[in-house]
Amino acid sequence: MSDNKVRERKQMTPLEEMRHSTAHVLAAAVLRLFPEAKLDIGPPTETGFYHDFDLPHHLTTEDLDKLEVEMKKIIQENQKFIRTEVTREEARTILQFRKQPYTLERLDDIPEGETISFYANGEFINLCAGTHVNYTKQIKAFKLLNVAGAYYRGDEKNKQMQRIYGTAFPSKEELENYLKQLEEAKNRDHRKIGKELKLFVIDESVGPGLILWTPRGAILRKELQSFISEELRKQGYLEVFTPHIGKLGLYKTSGHYPYYKESQFPPIVMREEIEKLVEEGADVCCLEKSLDPGNLDGYLLKPMNCPMHAKIYASQPHSYRDLPIRLAEFGTVYRWEQSGELNGMTRVRGFTQDDAHLFCTEDQVADEIRGCLHLVKTILQILGMKDYRVRVGLRDPDSSKYIGNPESWNKAEAALREAAHELGVPFKEESGEAAFYGPKIDFVVRDVIGREWQLGTVQVDYNLPERFDLVYTGPDNKEHRPVMVHRAPFGSLERFTGVLIEHFGGNFPTWLAPEQIRILPLNDDLIPYAKEVEQALFAQKVRVSIDAHSDKLGAKIRRTEIEKIPYVLVLGPKEQESREVSVRSRTNKANEGNCKIEDFVKKLVEEIRERRLPDNF
């Protein structure tokens, strides 16, 4: 099948068709080698395809190799993909005969009146909306990549399937280039580099998806926070702080509960609520099992900062002369991500957003959006993320997921469209990608090895001001509703840091590097001079250390390369006598010559102040 929910035949791109067809060839190969296999979904993805199976044993690398051999045989047989439309009862009979319970259950996802179709190639046939290539020989280059666990329908309560990931391309050259990119991605994996550079820790006894920032990682985080705080001050933002939990009713008012109920931690039931129920005659023995926290006046681990920012705005009266009011916070929030979806720093359960909410008049919306987009562009440019596209997420008029009236939505979407046009970069409108309370602009960044990441976001919201009854006094002395603009250039500091680690491969610009300078004295007699140099750098707030170990110079230099230190200063008797330093940079990995201490410090401070990128980036 082609998707989590079977639906009318969908026209795919040629590449999607080929990848989806390869998923069918994979399923056919699995059934040839493991006839007892039970099939579930097998859709194309942005980078390839996957297919879920219920198998009697766990697949190994050797199994994948055997499956690839069998797939190549099927491709060489040049089997034709044949589409057949059937009735619901015919479909049920086919799937029962073929003993495919998961696909049979998926049949019930197809709404009454929609077309039901099967696709067959060779002896293989399965429920599928399509589309496909005409013949298997049109699949030119493919590779099975790995196997992972995946719960049926994404629900941890269901059986865990085996998900085989693969990819396919129109040519062997494109496949080889992609495989090289994957290898480079492994080398840049933020979990691997984060451990090597001692940036963060995830400890199961603390909890999966919860990041422990080490001293080095904390430096990186603080530099990012200082960087954006500097930009916020330029734009007149006001910093606020809010608690980590709030009353459940606050999030019912905002709509986050129960709208995002499944992705939130369970509400916390307060003792007084339980005592009240007991006083009213509740059965204590059954209370724990029967209690529905969502119906009580409990507390919730904060999933969003916006309701609390709305309350800060509402805490005092405002005139149109006060607006816009821009409230910013590095606010930590909590989301219940399924364990199978957790991934280092990029998918976590507790994270800090560089969040801000702007309260403005309708006339100010366009300018505020421009300011937010300018901020995101500035951040991405300084960090060397210049290759990006813009996605304008709009509501789906046929969906009931969105709150508010159509007129307000039209205004918000028009404002975002205009701002996207003015950005001067490619953008695409995507229906159904809006937040439940308003449309948004997302920045999708392509990193140095070609992968895409959704980072900064800007959203326009007419609905939360209505829900929280936010007002300001206009020039007519009457009350008016402000418009709320949500924006987060980084999105999540954890995720953004994970992306940055991989983007730079751990070779951070000097201004971001946890340790910027390592001083290497050639012998113990030179340690006093090394401390003089260290103090000169300390005075300029440079992060520096001395390697006073008795190792040979080569070993010390190798250590700085592993730890990705931007600059190394080698000190020998000659340097001490001339009051100089011998400079070695990370980018050149060679001695760049000697210079006076004060000259080096001046050059370094200028590089840090200007937040320059590495020379080879």
# chains A, B, ... in the order shown; residues from 1 in each chain; ligands from 1
>>> select_by_dssp(residues="segment 404-583 of chain A", states="strand (DSSP E or B)", output="MDAnalysis selection string")
chainID A and resid 427:431 435 438 440:446 452:461 472:473 479:480 483:488 517:521 544:546 567:571 580:583
>>> select_by_dssp(residues="segment 305-482 of chain A", states="alpha helix (DSSP H)", output="PyMOL selection string")
chain A and resi 306-314+365-382+406-423+463-467
>>> write_last_selection(atoms="C-alpha atoms", output="PDB file, in the first residue's frame")
ATOM      1  CA  CYS A 306       2.342  31.283  23.911  1.00  0.00           C
ATOM      2  CA  PRO A 307      -0.539  31.002  26.449  1.00  0.00           C
ATOM      3  CA  MET A 308       1.697  32.334  29.224  1.00  0.00           C
ATOM      4  CA  HIS A 309       2.940  35.180  27.036  1.00  0.00           C
ATOM      5  CA  ALA A 310      -0.692  36.013  26.291  1.00  0.00           C
ATOM      6  CA  LYS A 311      -1.310  36.193  30.048  1.00  0.00           C
ATOM      7  CA  ILE A 312       1.658  38.529  30.517  1.00  0.00           C
ATOM      8  CA  TYR A 313       0.214  40.815  27.834  1.00  0.00           C
ATOM      9  CA  ALA A 314      -3.221  40.665  29.507  1.00  0.00           C
ATOM     10  CA  VAL A 365       1.350  42.912  10.935  1.00  0.00           C
ATOM     11  CA  ALA A 366       3.226  43.241   7.626  1.00  0.00           C
ATOM     12  CA  ASP A 367       6.137  45.148   9.186  1.00  0.00           C
ATOM     13  CA  GLU A 368       6.370  42.727  12.113  1.00  0.00           C
ATOM     14  CA  ILE A 369       6.496  39.739   9.764  1.00  0.00           C
ATOM     15  CA  ARG A 370       9.242  41.461   7.754  1.00  0.00           C
ATOM     16  CA  GLY A 371      11.204  42.040  10.951  1.00  0.00           C
ATOM     17  CA  CYS A 372      10.880  38.387  11.948  1.00  0.00           C
ATOM     18  CA  LEU A 373      11.913  37.146   8.511  1.00  0.00           C
ATOM     19  CA  HIS A 374      14.877  39.534   8.459  1.00  0.00           C
ATOM     20  CA  LEU A 375      15.975  38.107  11.812  1.00  0.00           C
ATOM     21  CA  VAL A 376      15.801  34.520  10.536  1.00  0.00           C
ATOM     22  CA  LYS A 377      17.717  35.448   7.362  1.00  0.00           C
ATOM     23  CA  THR A 378      20.423  37.188   9.402  1.00  0.00           C
ATOM     24  CA  ILE A 379      20.875  34.171  11.661  1.00  0.00           C
ATOM     25  CA  LEU A 380      21.062  31.690   8.782  1.00  0.00           C
ATOM     26  CA  GLN A 381      23.525  33.853   6.852  1.00  0.00           C
ATOM     27  CA  ILE A 382      25.917  34.247   9.790  1.00  0.00           C
ATOM     28  CA  PRO A 406     -12.301  32.367   7.506  1.00  0.00           C
ATOM     29  CA  GLU A 407     -12.014  36.159   7.258  1.00  0.00           C
ATOM     30  CA  SER A 408      -9.203  36.268   9.825  1.00  0.00           C
ATOM     31  CA  TRP A 409      -7.468  33.358   8.153  1.00  0.00           C
ATOM     32  CA  ASN A 410      -7.635  35.114   4.783  1.00  0.00           C
ATOM     33  CA  LYS A 411      -6.007  38.231   6.252  1.00  0.00           C
ATOM     34  CA  ALA A 412      -3.247  36.229   7.924  1.00  0.00           C
ATOM     35  CA  GLU A 413      -2.506  34.163   4.809  1.00  0.00           C
ATOM     36  CA  ALA A 414      -2.441  37.262   2.608  1.00  0.00           C
ATOM     37  CA  ALA A 415       0.098  38.912   4.941  1.00  0.00           C
ATOM     38  CA  LEU A 416       2.374  35.870   4.852  1.00  0.00           C
ATOM     39  CA  ARG A 417       2.139  35.531   1.078  1.00  0.00           C
ATOM     40  CA  GLU A 418       3.165  39.157   0.628  1.00  0.00           C
ATOM     41  CA  ALA A 419       6.082  38.755   3.034  1.00  0.00           C
ATOM     42  CA  ALA A 420       7.223  35.572   1.266  1.00  0.00           C
ATOM     43  CA  HIS A 421       7.234  37.411  -2.080  1.00  0.00           C
ATOM     44  CA  GLU A 422       9.415  40.146  -0.610  1.00  0.00           C
ATOM     45  CA  LEU A 423      11.994  37.646   0.708  1.00  0.00           C
ATOM     46  CA  ASN A 463      -7.301  33.288  17.181  1.00  0.00           C
ATOM     47  CA  LEU A 464      -5.424  33.139  20.489  1.00  0.00           C
ATOM     48  CA  PRO A 465      -6.044  36.873  21.146  1.00  0.00           C
ATOM     49  CA  GLU A 466      -9.746  36.057  20.747  1.00  0.00           C
ATOM     50  CA  ARG A 467      -9.579  33.029  23.019  1.00  0.00           C
TER      51      ARG A 467
END
>>> residues_around(residues="Arg326 of chain A", least_positions_apart="5", cutoff="12 Å", atoms="only C-alpha atoms", output="PyMOL selection string")
chain A and resi 232-240+309-310+312-313+355-360+368+371-372+483-487
>>> write_last_selection(atoms="N, CA and C atoms", output="CSV table (one decimal), in the first residue's frame")
chain,number,residue,atom,x,y,z
A,232,LEU,N,17.9,40.5,19.1
A,232,LEU,CA,16.5,40.9,19.7
A,232,LEU,C,16.6,42.3,20.3
A,233,ARG,N,17.7,42.6,20.9
A,233,ARG,CA,17.8,43.9,21.5
A,233,ARG,C,17.7,45.0,20.5
A,234,LYS,N,18.3,44.7,19.3
A,234,LYS,CA,18.3,45.7,18.2
A,234,LYS,C,16.8,45.9,17.7
A,235,GLN,N,16.0,44.9,17.8
A,235,GLN,CA,14.6,45.0,17.3
A,235,GLN,C,13.6,45.3,18.4
A,236,GLY,N,14.1,45.7,19.6
A,236,GLY,CA,13.2,46.1,20.7
A,236,GLY,C,12.4,45.1,21.4
A,237,TYR,N,12.9,43.8,21.5
A,237,TYR,CA,12.2,42.8,22.2
A,237,TYR,C,12.4,43.0,23.7
A,238,LEU,N,11.4,42.5,24.5
A,238,LEU,CA,11.5,42.5,25.9
A,238,LEU,C,11.5,41.1,26.4
A,239,GLU,N,12.5,40.8,27.3
A,239,GLU,CA,12.7,39.4,27.8
A,239,GLU,C,11.7,39.1,28.9
A,240,VAL,N,11.2,37.9,28.9
A,240,VAL,CA,10.3,37.4,30.0
A,240,VAL,C,10.7,36.0,30.4
A,309,HIS,N,2.6,33.9,27.6
A,309,HIS,CA,2.9,35.2,27.0
A,309,HIS,C,1.7,36.0,26.8
A,310,ALA,N,0.6,35.3,26.4
A,310,ALA,CA,-0.7,36.0,26.3
A,310,ALA,C,-1.2,36.5,27.6
A,312,ILE,N,0.8,37.4,30.2
A,312,ILE,CA,1.7,38.5,30.5
A,312,ILE,C,1.1,39.8,29.8
A,313,TYR,N,0.8,39.7,28.6
A,313,TYR,CA,0.2,40.8,27.8
A,313,TYR,C,-1.1,41.3,28.5
A,355,ASP,N,11.8,31.5,21.8
A,355,ASP,CA,10.4,31.8,21.4
A,355,ASP,C,10.1,33.3,21.6
A,356,ALA,N,9.2,33.9,20.8
A,356,ALA,CA,8.8,35.2,21.0
A,356,ALA,C,7.4,35.4,20.4
A,357,HIS,N,6.6,36.3,21.1
A,357,HIS,CA,5.2,36.6,20.6
A,357,HIS,C,5.1,38.1,20.5
A,358,LEU,N,4.6,38.5,19.4
A,358,LEU,CA,4.5,39.9,19.1
A,358,LEU,C,3.0,40.3,19.1
A,359,PHE,N,2.6,41.3,19.8
A,359,PHE,CA,1.3,41.7,19.9
A,359,PHE,C,1.2,43.1,19.2
A,360,CYS,N,0.4,43.1,18.1
A,360,CYS,CA,0.4,44.3,17.3
A,360,CYS,C,-1.0,44.6,16.7
A,368,GLU,N,5.9,43.7,11.1
A,368,GLU,CA,6.4,42.7,12.1
A,368,GLU,C,6.8,41.4,11.5
A,371,GLY,N,10.2,42.0,9.9
A,371,GLY,CA,11.2,42.0,11.0
A,371,GLY,C,11.6,40.6,11.4
A,372,CYS,N,10.6,39.8,11.6
A,372,CYS,CA,10.9,38.4,11.9
A,372,CYS,C,11.7,37.7,10.9
A,483,VAL,N,-3.3,41.5,17.0
A,483,VAL,CA,-2.9,40.3,16.2
A,483,VAL,C,-1.6,39.8,16.9
A,484,MET,N,-1.5,38.4,17.0
A,484,MET,CA,-0.4,37.8,17.6
A,484,MET,C,0.5,37.2,16.6
A,485,VAL,N,1.8,37.5,16.6
A,485,VAL,CA,2.8,36.9,15.7
A,485,VAL,C,3.7,36.0,16.5
A,486,HIS,N,3.7,34.7,16.2
A,486,HIS,CA,4.6,33.8,16.9
A,486,HIS,C,5.9,33.6,16.0
A,487,ARG,N,7.0,33.6,16.6
A,487,ARG,CA,8.2,33.4,15.8
A,487,ARG,C,9.3,32.7,16.7
>>> residues_around(residues="segment 497-513 of chain A", least_positions_apart="2", cutoff="7 Å", atoms="only C-alpha atoms", output="ChimeraX atom specification")
/A:188-190,193,220,223,345-346,447-448,493-495,515-516,564,566,608,611-614
>>> residues_around(residues="Glu598 of chain A", least_positions_apart="6", cutoff="12 Å", atoms="only C-alpha atoms", output="PDB file with C-alpha atoms, in the first residue's frame")
ATOM      1  CA  GLU A 532      51.255  34.958  30.309  1.00  0.00           C
ATOM      2  CA  VAL A 533      49.812  34.246  26.868  1.00  0.00           C
ATOM      3  CA  GLU A 534      46.768  32.632  28.496  1.00  0.00           C
ATOM      4  CA  GLN A 535      46.150  35.743  30.616  1.00  0.00           C
ATOM      5  CA  ALA A 536      46.413  38.008  27.556  1.00  0.00           C
ATOM      6  CA  LEU A 537      43.675  35.930  25.918  1.00  0.00           C
ATOM      7  CA  ALA A 539      41.583  39.449  29.307  1.00  0.00           C
ATOM      8  CA  GLN A 540      39.771  39.494  25.956  1.00  0.00           C
ATOM      9  CA  ARG A 579      57.561  37.411  22.938  1.00  0.00           C
ATOM     10  CA  GLU A 580      55.795  35.726  20.047  1.00  0.00           C
ATOM     11  CA  VAL A 581      53.565  32.712  19.411  1.00  0.00           C
ATOM     12  CA  LEU A 604      41.506  36.756  16.909  1.00  0.00           C
ATOM     13  CA  VAL A 605      39.205  39.154  18.762  1.00  0.00           C
TER      14      VAL A 605
END
>>> residues_around(residues="Arg389 of chain A", least_positions_apart="2", cutoff="7 Å", atoms="only C-alpha atoms", output="MDAnalysis selection string")
chainID A and resid 391 425:427 443:445
>>> atom_distance(atom1="atom CA of Gln364 of chain A", atom2="atom CA of Arg481 of chain A")
12.8 Å
>>> atom_distance(atom1="atom CA of Tyr251 of chain A", atom2="atom CA of Glu430 of chain A")
27.1 Å
>>> residues_around(residues="His57 of chain A", least_positions_apart="3", cutoff="12 Å", atoms="only C-alpha atoms", output="PyMOL selection string")
chain A and resi 34+36-37+53-54+60+63+161-162
